[in-house]
Every structure is written in C-alpha cells, then in structure tokens.
file work_5.txt (compact mmCIF, C-alpha atoms)
# COMPACT_ATOMS: atom_id res chain seq x y z
CA MET H 1 47.97 -140.28 -96.45
CA VAL H 2 51.34 -139.04 -95.23
CA LYS H 3 54.20 -141.25 -96.45
CA LYS H 4 56.73 -142.33 -93.87
CA PHE H 5 60.29 -143.06 -94.96
CA GLN H 6 63.32 -144.22 -93.04
CA ARG H 7 65.39 -141.59 -91.29
CA LYS H 8 69.02 -142.43 -92.18
CA PRO H 9 72.11 -140.23 -92.43
CA LEU H 10 72.50 -138.92 -95.98
CA GLY H 11 75.76 -139.42 -97.86
CA HIS H 12 77.73 -136.62 -99.56
CA ARG H 13 76.48 -137.56 -103.05
CA GLU H 14 72.83 -137.65 -101.90
CA ALA H 15 73.26 -134.33 -100.10
CA HIS H 16 74.72 -132.78 -103.30
CA VAL H 17 71.75 -134.04 -105.34
CA ILE H 18 69.26 -132.63 -102.79
CA LYS H 19 71.03 -129.26 -102.87
CA ARG H 20 70.81 -129.15 -106.67
CA MET H 21 67.11 -130.12 -106.60
CA ARG H 22 66.51 -127.16 -104.32
CA THR H 23 68.70 -124.52 -105.95
CA VAL H 24 68.29 -125.47 -109.63
CA ALA H 25 64.82 -127.05 -109.81
CA GLY H 26 63.37 -124.96 -106.95
CA LEU H 27 61.61 -127.94 -105.36
CA SER H 28 60.29 -127.72 -101.81
CA ALA H 29 61.72 -129.84 -99.02
CA ALA H 30 58.50 -131.91 -98.88
CA THR H 31 58.65 -132.61 -102.63
CA ILE H 32 62.32 -133.55 -102.46
CA ALA H 33 61.60 -135.95 -99.58
CA ASP H 34 58.88 -137.61 -101.67
CA VAL H 35 61.13 -137.91 -104.74
CA VAL H 36 64.16 -139.38 -102.97
CA GLN H 37 61.95 -141.32 -100.55
CA ARG H 38 63.68 -140.08 -97.45
CA ASP H 39 62.32 -138.68 -94.18
CA LYS H 40 61.50 -134.98 -94.40
CA LYS H 41 63.51 -134.16 -91.28
CA SER H 42 66.63 -135.55 -92.96
CA ILE H 43 66.03 -133.26 -95.95
CA TYR H 44 65.61 -130.21 -93.71
CA LYS H 45 68.82 -131.08 -91.89
CA VAL H 46 70.78 -131.20 -95.18
CA LEU H 47 69.26 -127.97 -96.47
CA SER H 48 69.92 -126.13 -93.23
CA ARG H 49 73.55 -127.28 -93.30
CA LYS H 50 74.19 -126.67 -97.00
CA LEU H 51 72.05 -123.60 -97.67
CA GLY H 52 71.67 -122.04 -94.23
CA PHE H 53 67.91 -122.72 -93.93
CA ALA H 54 66.34 -121.64 -90.64
CA LYS H 55 65.49 -124.53 -88.37
CA ARG H 56 61.85 -125.49 -88.04
CA GLY H 57 59.87 -125.10 -84.80
CA ALA H 58 59.91 -122.19 -82.34
CA LYS H 59 61.28 -119.07 -84.04
CA ASN H 60 62.48 -117.11 -81.03
CA LYS H 61 63.52 -117.39 -77.41
CA LEU H 62 62.66 -115.40 -74.31
CA ASN H 63 65.34 -114.34 -71.85
CA PRO H 64 64.71 -114.43 -68.06
CA LYS H 65 63.81 -110.72 -68.00
CA ASP H 66 61.17 -111.26 -70.72
CA ILE H 67 59.74 -114.25 -68.85
CA ASN H 68 59.41 -112.28 -65.59
CA ARG H 69 57.65 -109.48 -67.46
CA LEU H 70 55.30 -112.01 -69.08
CA VAL H 71 54.44 -113.53 -65.68
CA LYS H 72 53.75 -110.10 -64.17
CA ILE H 73 51.41 -109.15 -67.04
CA LEU H 74 49.63 -112.51 -66.76
CA ARG H 75 49.03 -112.04 -63.03
CA ASP H 76 47.73 -108.52 -63.60
CA MET H 77 45.30 -109.78 -66.26
CA ILE H 78 44.06 -112.60 -64.02
CA ARG H 79 43.65 -110.21 -61.08
CA LYS H 80 41.57 -107.90 -63.25
CA ALA H 81 39.45 -110.74 -64.67
CA LYS H 82 38.62 -112.18 -61.19
CA ALA H 83 37.59 -115.46 -62.85
CA ARG H 84 34.84 -113.70 -64.85
CA TRP H 85 36.49 -114.47 -68.18
CA GLU H 86 39.26 -116.75 -69.38
CA ILE H 87 42.72 -115.37 -70.07
CA THR H 88 43.98 -117.10 -73.22
CA LEU H 89 47.53 -117.35 -74.56
CA ALA H 90 46.57 -115.08 -77.49
CA MET H 91 45.29 -112.40 -75.08
CA LEU H 92 48.51 -112.58 -73.07
CA LYS H 93 50.72 -112.27 -76.17
CA LYS H 94 48.69 -109.33 -77.46
CA ARG H 95 48.86 -107.49 -74.14
CA ALA H 96 52.60 -108.15 -73.78
CA LYS H 97 53.24 -107.33 -77.48
CA CYS H 98 55.01 -110.65 -77.68
CA LYS H 99 55.94 -111.81 -81.22
CA VAL H 100 57.29 -115.28 -80.41
CA ASP H 101 55.52 -118.58 -81.09
CA ASP H 102 52.88 -119.98 -78.71
CA LYS H 103 55.15 -122.92 -77.98
CA VAL H 104 57.91 -120.59 -76.77
CA VAL H 105 55.49 -118.79 -74.43
CA ARG H 106 54.20 -122.08 -72.99
CA ARG H 107 57.72 -123.31 -72.35
CA ALA H 108 58.68 -120.00 -70.77
CA LEU H 109 55.71 -120.10 -68.39
CA ARG H 110 56.44 -123.72 -67.57
CA THR H 111 59.87 -122.69 -66.25
CA LYS H 112 57.90 -120.77 -63.61
CA THR H 113 55.66 -123.84 -63.03
CA ILE H 114 52.77 -121.99 -64.70
CA GLN H 115 50.50 -123.92 -67.05
CA PHE H 116 46.80 -123.97 -67.88
CA ARG H 117 44.89 -125.67 -65.04
CA ARG H 118 41.26 -125.91 -64.05
CA LEU H 119 40.04 -123.25 -61.60
CA ARG H 120 39.47 -124.39 -58.02
CA LYS H 121 35.94 -124.29 -56.67
CA LYS H 122 35.77 -122.38 -53.38
CA PRO H 123 33.30 -120.00 -51.67
CA VAL H 124 33.69 -116.39 -52.76
CA LEU H 125 35.02 -114.45 -49.75
CA THR H 126 34.11 -110.85 -48.97
CA LYS H 127 36.52 -108.43 -47.25
CA LYS H 128 34.69 -109.05 -43.97
CA ASP H 129 34.98 -112.81 -44.44
CA ARG H 130 38.73 -112.52 -44.91
CA LYS H 131 39.03 -110.28 -41.86
CA ASP H 132 37.00 -112.69 -39.69
CA ARG H 133 38.90 -115.73 -40.96
CA TYR H 134 42.24 -114.04 -40.34
CA ALA H 135 41.21 -113.15 -36.78
CA PHE H 136 40.07 -116.75 -36.21
CA GLY H 137 43.36 -118.16 -37.51
CA LYS H 138 45.39 -115.74 -35.41
CA LYS H 139 43.45 -116.59 -32.25
CA TYR H 140 43.53 -120.38 -32.55
CA ARG H 141 46.71 -121.15 -34.53
CA HIS H 142 48.68 -122.07 -31.39
CA LYS H 143 46.09 -124.51 -30.02
CA THR H 144 47.31 -128.10 -29.83
CA ARG H 145 45.71 -131.16 -31.39
CA ALA H 146 44.69 -132.31 -27.89
CA TRP H 147 43.00 -128.96 -27.26
CA TRP H 148 40.82 -129.30 -30.35
CA ARG H 149 39.88 -132.86 -29.43
CA LYS H 150 39.00 -132.14 -25.80
CA LYS H 151 37.70 -128.57 -25.77
CA ILE H 152 34.97 -129.07 -28.38
CA GLN H 153 32.71 -132.01 -27.58
CA ALA H 154 31.11 -132.28 -31.02
CA HIS H 155 31.58 -131.06 -34.57
CA TRP H 156 28.32 -131.37 -36.43
CA ASP H 157 26.68 -130.56 -39.75
CA LEU H 158 24.08 -131.75 -42.28
CA LYS H 159 24.42 -133.26 -45.74
CA ASN H 160 21.97 -134.25 -48.43
CA TRP H 161 22.97 -137.70 -49.68
CA ALA H 162 21.95 -139.09 -53.06
CA VAL H 163 20.67 -142.68 -52.81
CA TYR H 164 22.08 -145.15 -55.35
CA THR H 165 20.14 -148.42 -55.30
CA ASN H 166 21.00 -150.18 -58.60
CA GLY H 167 24.03 -150.98 -60.74
CA LYS H 168 23.57 -148.14 -63.22
CA SER H 169 23.24 -145.44 -60.55
CA ARG H 170 26.20 -146.93 -58.62
CA GLU H 171 28.33 -146.48 -61.75
CA VAL H 172 27.41 -142.78 -61.77
CA ALA H 173 28.30 -142.51 -58.07
CA ALA H 174 31.69 -144.10 -58.73
CA MET H 175 32.37 -141.73 -61.67
CA ARG H 176 31.82 -138.73 -59.44
CA MET H 177 34.64 -139.85 -57.14
CA VAL H 178 37.25 -140.14 -59.91
CA ARG H 179 39.60 -137.15 -60.25
CA GLY H 180 41.31 -138.12 -63.52
CA ALA H 181 43.43 -140.72 -65.31
CA TYR H 182 46.83 -141.11 -66.92
CA ARG H 183 46.34 -141.04 -70.68
CA ALA H 184 48.09 -140.22 -73.93
CA PRO H 185 47.10 -137.22 -76.09
CA GLY H 186 44.07 -138.04 -78.23
CA GLN H 187 42.61 -140.59 -75.81
CA GLY H 188 40.44 -138.06 -73.97
CA LEU H 189 37.20 -138.97 -75.78
CA ASP H 190 37.63 -142.72 -75.46
CA GLU H 191 34.71 -144.17 -73.48
CA ASN H 192 37.06 -145.30 -70.73
CA TYR H 193 38.16 -141.71 -70.09
CA VAL H 194 34.77 -139.98 -70.17
CA VAL H 195 32.72 -139.35 -67.00
CA LEU H 196 29.53 -137.48 -66.19
CA PRO H 197 30.02 -133.88 -65.01
CA LYS H 198 29.73 -133.68 -61.22
CA ASP H 199 27.24 -130.83 -61.41
CA LEU H 200 24.96 -132.64 -63.89
CA ARG H 201 21.68 -133.68 -62.30
CA TYR H 202 21.00 -137.40 -62.48
CA ASN H 203 17.86 -139.25 -61.42
CA THR H 204 19.02 -142.18 -59.31
CA GLY H 205 15.50 -143.59 -59.05
CA ALA H 206 15.28 -143.02 -55.29
CA ARG H 207 14.63 -140.02 -53.07
CA SER H 208 17.72 -138.53 -51.41
CA CYS H 209 18.18 -138.45 -47.63
CA ARG H 210 19.29 -135.62 -45.35
CA ILE H 211 21.63 -136.70 -42.55
CA ALA H 212 22.63 -134.81 -39.41
CA ALA H 213 26.00 -136.07 -38.17
CA ALA H 214 28.29 -135.22 -35.27
CA VAL H 215 31.80 -136.41 -34.42
CA GLY H 216 33.75 -136.01 -31.20
CA GLY H 217 35.41 -137.97 -28.43
CA GLY H 218 37.00 -140.31 -30.97
CA LYS H 219 33.74 -141.54 -32.50
CA VAL H 220 30.71 -140.68 -34.59
CA LEU H 221 28.30 -139.43 -31.92
CA LEU H 222 25.29 -138.84 -34.15
CA TRP H 223 24.04 -140.11 -37.51
CA HIS H 224 20.38 -139.14 -37.79
CA GLU H 225 18.05 -138.80 -40.78
CA VAL H 226 16.12 -135.54 -40.42
CA GLY H 227 13.78 -135.82 -43.40
CA PRO H 228 13.65 -134.01 -46.73
CA ARG H 229 12.97 -130.50 -45.40
CA TRP H 230 15.19 -128.54 -43.04
CA SER H 231 13.82 -125.71 -40.91
CA GLY H 232 14.19 -124.00 -37.56
CA LYS H 233 11.67 -126.38 -36.02
CA LYS H 234 13.54 -129.44 -37.33
CA ALA H 235 16.80 -128.00 -35.98
CA ALA H 236 15.20 -127.42 -32.57
CA ASP H 237 13.96 -131.04 -32.50
CA VAL H 238 17.47 -132.34 -33.27
CA TYR H 239 19.11 -130.13 -30.60
CA LYS H 240 16.68 -131.17 -27.88
CA GLY H 241 16.43 -134.78 -29.01
CA PRO H 242 19.09 -136.86 -30.84
CA LEU H 243 22.02 -134.44 -30.45
CA ARG H 244 21.49 -133.82 -26.73
CA SER H 245 21.06 -137.56 -26.12
CA ALA H 246 24.28 -138.34 -27.99
CA LEU H 247 26.21 -135.70 -26.03
CA LEU H 248 24.76 -136.89 -22.72
CA LYS H 249 25.70 -140.48 -23.52
CA ARG H 250 29.29 -139.61 -24.47
CA TYR H 251 29.85 -136.94 -21.78
CA PRO H 252 27.50 -137.88 -18.90
CA ARG H 253 29.26 -135.71 -16.31
CA SER H 254 29.10 -132.49 -18.33
CA LYS H 255 26.45 -129.95 -17.37
CA SER H 256 26.72 -128.23 -20.75
CA TRP H 257 28.38 -129.00 -24.06
CA LEU H 258 30.39 -127.00 -26.60
CA ILE H 259 29.77 -127.84 -30.26
CA LEU H 260 31.19 -126.51 -33.53
CA GLU H 261 28.73 -125.79 -36.33
CA ASP H 262 28.62 -123.59 -39.42
CA ASN H 263 26.48 -120.49 -40.02
CA ASP H 264 23.40 -122.15 -41.55
CA PRO H 265 20.64 -119.48 -41.25
CA THR H 266 17.75 -121.90 -41.90
CA GLY H 267 18.35 -124.12 -38.89
CA PHE H 268 21.44 -123.41 -36.78
CA LYS H 269 20.94 -119.64 -36.65
CA SER H 270 17.15 -119.67 -36.60
CA THR H 271 15.28 -118.31 -33.56
CA ALA H 272 13.85 -121.76 -32.80
CA GLY H 273 17.29 -123.34 -33.10
CA ILE H 274 18.98 -120.79 -30.80
CA HIS H 275 16.22 -121.17 -28.21
CA ALA H 276 16.48 -124.98 -28.35
CA LYS H 277 20.25 -124.86 -27.81
CA ARG H 278 19.75 -122.70 -24.76
CA GLN H 279 17.22 -125.19 -23.36
CA ALA H 280 19.48 -128.18 -24.11
CA LYS H 281 22.49 -126.39 -22.53
CA ILE H 282 24.40 -126.53 -25.78
CA LYS H 283 26.92 -123.77 -26.48
CA VAL H 284 28.35 -122.97 -29.90
CA PHE H 285 31.99 -122.57 -30.90
CA GLU H 286 31.76 -119.96 -33.66
CA ILE H 287 33.64 -120.33 -36.94
CA PRO H 288 33.65 -117.65 -39.67
CA LYS H 289 31.11 -117.63 -42.48
CA ARG H 290 31.87 -119.43 -45.73
CA SER H 291 34.51 -121.62 -44.09
CA PRO H 292 33.91 -125.28 -44.98
CA ASP H 293 37.70 -125.69 -44.66
CA LEU H 294 37.20 -125.29 -40.88
CA SER H 295 34.38 -127.83 -40.53
CA VAL H 296 35.46 -131.43 -39.88
CA CYS H 297 32.34 -132.82 -41.53
CA ASP H 298 33.03 -130.88 -44.74
CA TYR H 299 36.76 -131.51 -45.07
CA ALA H 300 36.92 -135.09 -43.76
CA LEU H 301 33.76 -136.94 -42.71
CA TRP H 302 31.59 -136.76 -45.85
CA LEU H 303 34.44 -137.68 -48.17
CA LYS H 304 35.54 -140.64 -46.06
CA VAL H 305 32.03 -142.11 -45.81
CA ASN H 306 31.58 -141.66 -49.58
CA SER H 307 34.88 -143.45 -50.15
CA ILE H 308 33.81 -146.41 -47.97
CA MET H 309 30.48 -146.70 -49.80
CA ARG H 310 32.10 -146.69 -53.25
CA LYS H 311 34.72 -149.25 -52.15
CA GLN H 312 31.96 -151.59 -50.94
CA GLU H 313 30.02 -151.18 -54.17
CA ARG H 314 32.97 -152.24 -56.35
CA LYS H 315 32.42 -155.78 -55.02
CA PHE H 316 28.66 -155.78 -55.78
CA ARG H 317 27.19 -157.66 -58.72
CA LYS H 318 25.85 -155.26 -61.35
CA SER H 319 22.39 -156.84 -60.94
CA LYS H 320 22.32 -156.22 -57.18
CA ARG H 321 19.50 -153.92 -56.04
CA GLU H 322 18.95 -152.28 -52.67
CA THR H 323 15.89 -150.62 -51.23
CA ARG H 324 16.20 -146.99 -50.20
CA GLN H 325 16.17 -147.97 -46.52
CA GLU H 326 18.85 -150.65 -47.06
CA TYR H 327 21.07 -148.02 -48.66
CA ILE H 328 20.51 -145.58 -45.77
CA ASN H 329 21.29 -148.34 -43.25
CA ARG H 330 24.51 -149.17 -45.11
CA LEU H 331 25.41 -145.48 -45.13
CA ARG H 332 25.01 -145.40 -41.35
CA ARG H 333 27.15 -148.52 -40.87
CA ALA H 334 29.88 -146.98 -43.04
CA ALA H 335 29.92 -143.88 -40.85
CA MET H 336 29.88 -145.81 -37.60
CA SER H 337 32.78 -147.98 -38.78
CA LEU H 338 35.18 -145.04 -38.91
CA PRO H 339 38.20 -145.69 -36.64
CA LYS H 340 39.02 -143.51 -33.64
CA SER H 341 42.37 -142.57 -35.19
CA PHE H 342 40.69 -141.08 -38.28
CA ILE H 343 38.28 -138.96 -36.22
CA ASP H 344 40.96 -137.77 -33.78
CA ASN H 345 43.35 -136.90 -36.60
CA SER H 346 40.63 -135.07 -38.54
CA ILE H 347 39.66 -132.95 -35.52
CA GLY H 348 43.30 -132.41 -34.52
CA ASP H 349 44.02 -131.10 -38.03
CA MET H 350 42.22 -127.87 -37.09
CA GLY H 351 45.45 -126.53 -35.58
CA ARG H 352 47.38 -126.93 -38.83
CA ARG H 353 44.50 -125.40 -40.77
CA CYS H 354 44.41 -122.36 -38.50
CA ASN H 355 48.14 -121.86 -39.07
CA ARG H 356 47.66 -121.97 -42.84
CA LEU H 357 44.63 -119.70 -42.59
CA TYR H 358 46.69 -117.17 -40.65
CA ALA H 359 49.53 -117.40 -43.20
CA ALA H 360 46.99 -116.83 -46.01
CA LYS H 361 45.71 -113.73 -44.15
CA GLY H 362 42.17 -115.06 -44.10
CA GLY H 363 42.12 -116.17 -47.72
CA HIS H 364 41.87 -119.67 -49.14
CA PHE H 365 44.70 -122.05 -48.29
CA GLU H 366 45.94 -125.43 -49.47
CA GLU H 367 44.16 -127.96 -47.28
CA GLY H 368 46.11 -131.11 -48.16
CA GLY H 369 49.73 -132.11 -47.64
CA ARG H 370 51.95 -131.66 -44.64
call {"tool": "encode", "arguments": {"input": "work_5.txt", "output": "structure tokens"}}
result
Amino acid sequence: MVKKFQRKPLGHREAHVIKRMRTVAGLSAATIADVVQRDKKSIYKVLSRKLGFAKRGAKNKLNPKDINRLVKILRDMIRKAKARWEITLAMLKKRAKCKVDDKVVRRALRTKTIQFRRLRKKPVLTKKDRKDRYAFGKKYRHKTRAWWRKKIQAHWDLKNWAVYTNGKSREVAAMRMVRGAYRAPGQGLDENYVVLPKDLRYNTGARSCRIAAAVGGGKVLLWHEVGPRWSGKKAADVYKGPLRSALLKRYPRSKSWLILEDNDPTGFKSTAGIHAKRQAKIKVFEIPKRSPDLSVCDYALWLKVNSIMRKQERKFRKSKRETRQEYINRLRRAAMSLPKSFIDNSIGDMGRRCNRLYAAKGGHFEEGGR
C-alpha cells in the first residue's frame, strides 16, 4: 500500500537534513519521503532546488515547427492506412524519429485539436460516387427550402425494424440509442457505463418487421408493412397499391408524381419496379449511389421514430408485455404523430446538405449543426 503523507512546505533545517540523506547516505527520494514521513513531491522539490535534480514528468518540449511536422506525418500515415490498420502513438513517434515522452506528443497534438477518436461509420465512396455526388451538390445547392418541399411530392424508403415486446428487450433497445456518458477515469467498466455493442445480434423474441414509409406535403404519407422478404414483385405491388393511393390522396389534382428514392437494386431498380412506376405514373428524382445523407428517411425519419418509441417505453412497467402486432401498431402511431414542422424542416434541410456536399467536393460532410 502506498503511504500518503501531508504535503507541507519544508523548513530550512528539514531541507538540510534531506540534502544530507541524499548526498551522504545516498538514499532515494522515495526512501527519504518514507523516513521523514513527508509527501514525495515535497522531497523532489527540495532536491531539485538544492541539488539541481531534473523535474519529474515530460522530459522535453516540442516547438510549433516540430508540432506542424508531426501533424503532417500523422496525416500522411493515416492517408496511407485508409482505415485498414490503426496508427498508434508509438508508430507516429518512430516514423517522426521523435524522442520526447508520449505525454508531450499528446499535448502537442491537442493544441491542434487532434486526439484519439473513434472512426466514423460511413459508406465507402468510389471515385465515380464522389464525382456523381459533387455534380448533384453543384446542381441543387441553390435550391430553396420551399423548392425541396414542393417539387418532390414524396421521399420514401424501407427499413427493417426490430420488435421489442418485453422489458428485457426494451432495455437493449434503449442501450442502442445511448451515445455515451460523462464519467471519471476508471469508471468505464462499471455496470452503469457498459452497453451492448450496436452491431451485436440480439434475439428480441419476436420477428422483425419491414416498413415502407414516405413523407411529403408536411406529413407521413405512407407507413406500410411489406412483409419479411423484399423483391421486385413486392416493390411493384407497393408502387401500384399503397404508394400510389397515398400520393393520389395527398395530391389529387396531379396527373403524375415525383418521388425521391435511393438506388436499391432489389426493388426500386428492378425491372418489375420500374415497369410498375411507369404504370402508376410515378417519376423518380435520382440521387447518387451510397448517399444516405441525401435521403430524408435515413437522416431524419427513422431516428425520430426510434426516439419517440424509446421515450414512450421509459414510462412502461418492466413487466409490461406487448404482442408483435401491438408493437407494430405503436410504431405506426409514433410515425403518424410527427409534426408538420419536423417533416418540412427535414425535407428543407436538403438545400443545406447540397451546399455542404458541394463544399466537400462529393465526399462525406458533417450533417449536423448549422
């Protein structure tokens, strides 16, 4: 056990005794601290003043030129790795032939707001993807919020929803919404700070449901369960049935409708799906491949509905159980309860996103914030 002593200023006589213990007896600072029952830091302070001992801690400093060189080497290493392997502090120091302590390097990088952070999860973009996304951003970056709301009658997509029917599975669902927590070092493995990995498969005890949803005109136009399997035939049935009916109800005077959808090859781009759209007089507003950041359902709708469901479940008794159909019905009510302002703002946000996409030259961009 490490002994802890009071840290008080040492008098001249005590300082003289400590100096003699070091120079004559050759005792270490730790041993001297134990003998005189004083804090070790106080002993080091006396020895550094009396005998010129080097101060403990970081041994060297980096000047601004060294820091800039370190940052450049780090960026080159990360560019070469392309997220295929992790660049550690030891690898950076070895490459830069840097002899200073790890703590000095961390502090130096922090002055450039660089610190170790988790990698973001985004689709991997090809050169063609970047070119297409850049062209899309350039073409539509000047469109107003009103244009996005009025020009495109529906933004639609599909999602496979896990069904949580009991208290235990609802706890798992809630964990998967939590980003993190404020904690002190060493608390990370406390049970209150540990959650299940989001990519870990978990049997909720109920079969999942696949939902086709569409938003437009200030409301959720469509919320339709399509069954467990998705195919060109299923897509054709949705185009000619529920989706066309929803569009006709919301825009009765339109002879045709323009919808935004992604590049799903199984249903949206299938031969049966394309033929069904032609029959239903539905036209498609094309967005680039691998661009969930340009799909309202992906960047706004799914997350908001999930948030509503988890907020409702916080008030449930732990013993409360739902049937699968009751859960699906509640999911639908959560979606249909979304206010007009949320839907209009989410669709209108496309203009800002196109501006950021153009500024990023077709690459990934920060989606949040102003």
call {"tool": "closest_atom_pairs", "arguments": {"input": "work_5.txt", "of": "segment 56-171 of chain H", "to": "segment 276-288 of chain H", "cutoff": "9 Å", "atoms": "all atoms listed in the file", "output": "Markdown table"}}
result
| residue | atom | partner | partner_atom | distance |
| --- | --- | --- | --- | --- |
| H:Asp129 | CA | H:Pro288 | CA | 6.9 |
| H:Arg130 | CA | H:Pro288 | CA | 8.9 |
| H:Asp132 | CA | H:Pro288 | CA | 6.0 |
| H:Arg133 | CA | H:Pro288 | CA | 5.7 |
| H:Phe136 | CA | H:Pro288 | CA | 7.3 |
| H:Ile152 | CA | H:Phe285 | CA | 7.6 |
call {"tool": "closest_residue", "arguments": {"input": "work_5.txt", "among": "H:Arg183, H:Lys289, H:Lys138, H:Arg145", "to": "Ala359 of chain H", "atoms": "only C-alpha atoms"}}
result
H:Lys138
call {"tool": "closest_residue", "arguments": {"input": "work_5.txt", "among": "H:Val194, H:Ala212, H:Val296, H:Ala25", "to": "Phe268 of chain H", "atoms": "all atoms listed in the file"}}
result
H:Ala212
call {"tool": "atom_distance", "arguments": {"input": "work_5.txt", "atom1": "atom CA of Val100 of chain H", "atom2": "atom CA of Leu70 of chain H"}}
result
12.0 Å
call {"tool": "closest_residue", "arguments": {"input": "work_5.txt", "among": "H:Glu367, H:Gly348, H:Gly218, H:Leu357", "to": "Lys139 of chain H", "atoms": "only C-alpha atoms"}}
result
H:Leu357
call {"tool": "residues_around", "arguments": {"input": "work_5.txt", "residues": "Lys320 of chain H", "least_positions_apart": "5", "cutoff": "9 Å", "atoms": "all atoms listed in the file", "output": "tab-separated table (two decimals) with C-alpha atoms, in the frame of the given file"}}
result
chain	number	residue	atom	x	y	z
H	165	THR	CA	20.14	-148.42	-55.30
H	166	ASN	CA	21.00	-150.18	-58.60
H	167	GLY	CA	24.03	-150.98	-60.74
call {"tool": "build_atoms", "arguments": {"input": "work_5.txt", "residues": "segment 72-86 of chain H", "atoms": "N, CA and C atoms", "output": "PDB file, in the frame of the given file"}}
result
ATOM      1  N   LYS H  72      54.360-111.255 -64.840  1.00  0.00           N
ATOM      2  CA  LYS H  72      53.750-110.100 -64.170  1.00  0.00           C
ATOM      3  C   LYS H  72      52.492-109.639 -64.919  1.00  0.00           C
ATOM      4  N   ILE H  73      52.577-109.566 -66.246  1.00  0.00           N
ATOM      5  CA  ILE H  73      51.410-109.150 -67.040  1.00  0.00           C
ATOM      6  C   ILE H  73      50.279-110.169 -66.906  1.00  0.00           C
ATOM      7  N   LEU H  74      50.638-111.463 -66.916  1.00  0.00           N
ATOM      8  CA  LEU H  74      49.630-112.510 -66.760  1.00  0.00           C
ATOM      9  C   LEU H  74      48.900-112.380 -65.433  1.00  0.00           C
ATOM     10  N   ARG H  75      49.645-112.172 -64.359  1.00  0.00           N
ATOM     11  CA  ARG H  75      49.030-112.040 -63.030  1.00  0.00           C
ATOM     12  C   ARG H  75      48.135-110.811 -62.944  1.00  0.00           C
ATOM     13  N   ASP H  76      48.560-109.728 -63.573  1.00  0.00           N
ATOM     14  CA  ASP H  76      47.730-108.520 -63.600  1.00  0.00           C
ATOM     15  C   ASP H  76      46.419-108.768 -64.353  1.00  0.00           C
ATOM     16  N   MET H  77      46.497-109.479 -65.459  1.00  0.00           N
ATOM     17  CA  MET H  77      45.300-109.780 -66.260  1.00  0.00           C
ATOM     18  C   MET H  77      44.343-110.685 -65.496  1.00  0.00           C
ATOM     19  N   ILE H  78      44.891-111.676 -64.801  1.00  0.00           N
ATOM     20  CA  ILE H  78      44.060-112.600 -64.020  1.00  0.00           C
ATOM     21  C   ILE H  78      43.418-111.882 -62.838  1.00  0.00           C
ATOM     22  N   ARG H  79      44.188-110.989 -62.204  1.00  0.00           N
ATOM     23  CA  ARG H  79      43.650-110.210 -61.080  1.00  0.00           C
ATOM     24  C   ARG H  79      42.496-109.319 -61.544  1.00  0.00           C
ATOM     25  N   LYS H  80      42.624-108.755 -62.720  1.00  0.00           N
ATOM     26  CA  LYS H  80      41.570-107.900 -63.250  1.00  0.00           C
ATOM     27  C   LYS H  80      40.335-108.711 -63.658  1.00  0.00           C
ATOM     28  N   ALA H  81      40.564-109.900 -64.215  1.00  0.00           N
ATOM     29  CA  ALA H  81      39.450-110.740 -64.670  1.00  0.00           C
ATOM     30  C   ALA H  81      38.636-111.285 -63.502  1.00  0.00           C
ATOM     31  N   LYS H  82      39.292-111.618 -62.374  1.00  0.00           N
ATOM     32  CA  LYS H  82      38.620-112.180 -61.190  1.00  0.00           C
ATOM     33  C   LYS H  82      37.739-113.375 -61.556  1.00  0.00           C
ATOM     34  N   ALA H  83      38.263-114.227 -62.427  1.00  0.00           N
ATOM     35  CA  ALA H  83      37.590-115.460 -62.850  1.00  0.00           C
ATOM     36  C   ALA H  83      36.285-115.213 -63.592  1.00  0.00           C
ATOM     37  N   ARG H  84      36.065-113.991 -64.101  1.00  0.00           N
ATOM     38  CA  ARG H  84      34.840-113.700 -64.850  1.00  0.00           C
ATOM     39  C   ARG H  84      34.998-114.000 -66.333  1.00  0.00           C
ATOM     40  N   TRP H  85      36.230-114.044 -66.820  1.00  0.00           N
ATOM     41  CA  TRP H  85      36.490-114.470 -68.180  1.00  0.00           C
ATOM     42  C   TRP H  85      37.842-115.173 -68.224  1.00  0.00           C
ATOM     43  N   GLU H  86      38.050-115.942 -69.268  1.00  0.00           N
ATOM     44  CA  GLU H  86      39.260-116.750 -69.380  1.00  0.00           C
ATOM     45  C   GLU H  86      40.373-115.958 -70.050  1.00  0.00           C
TER      46      GLU H  86
END
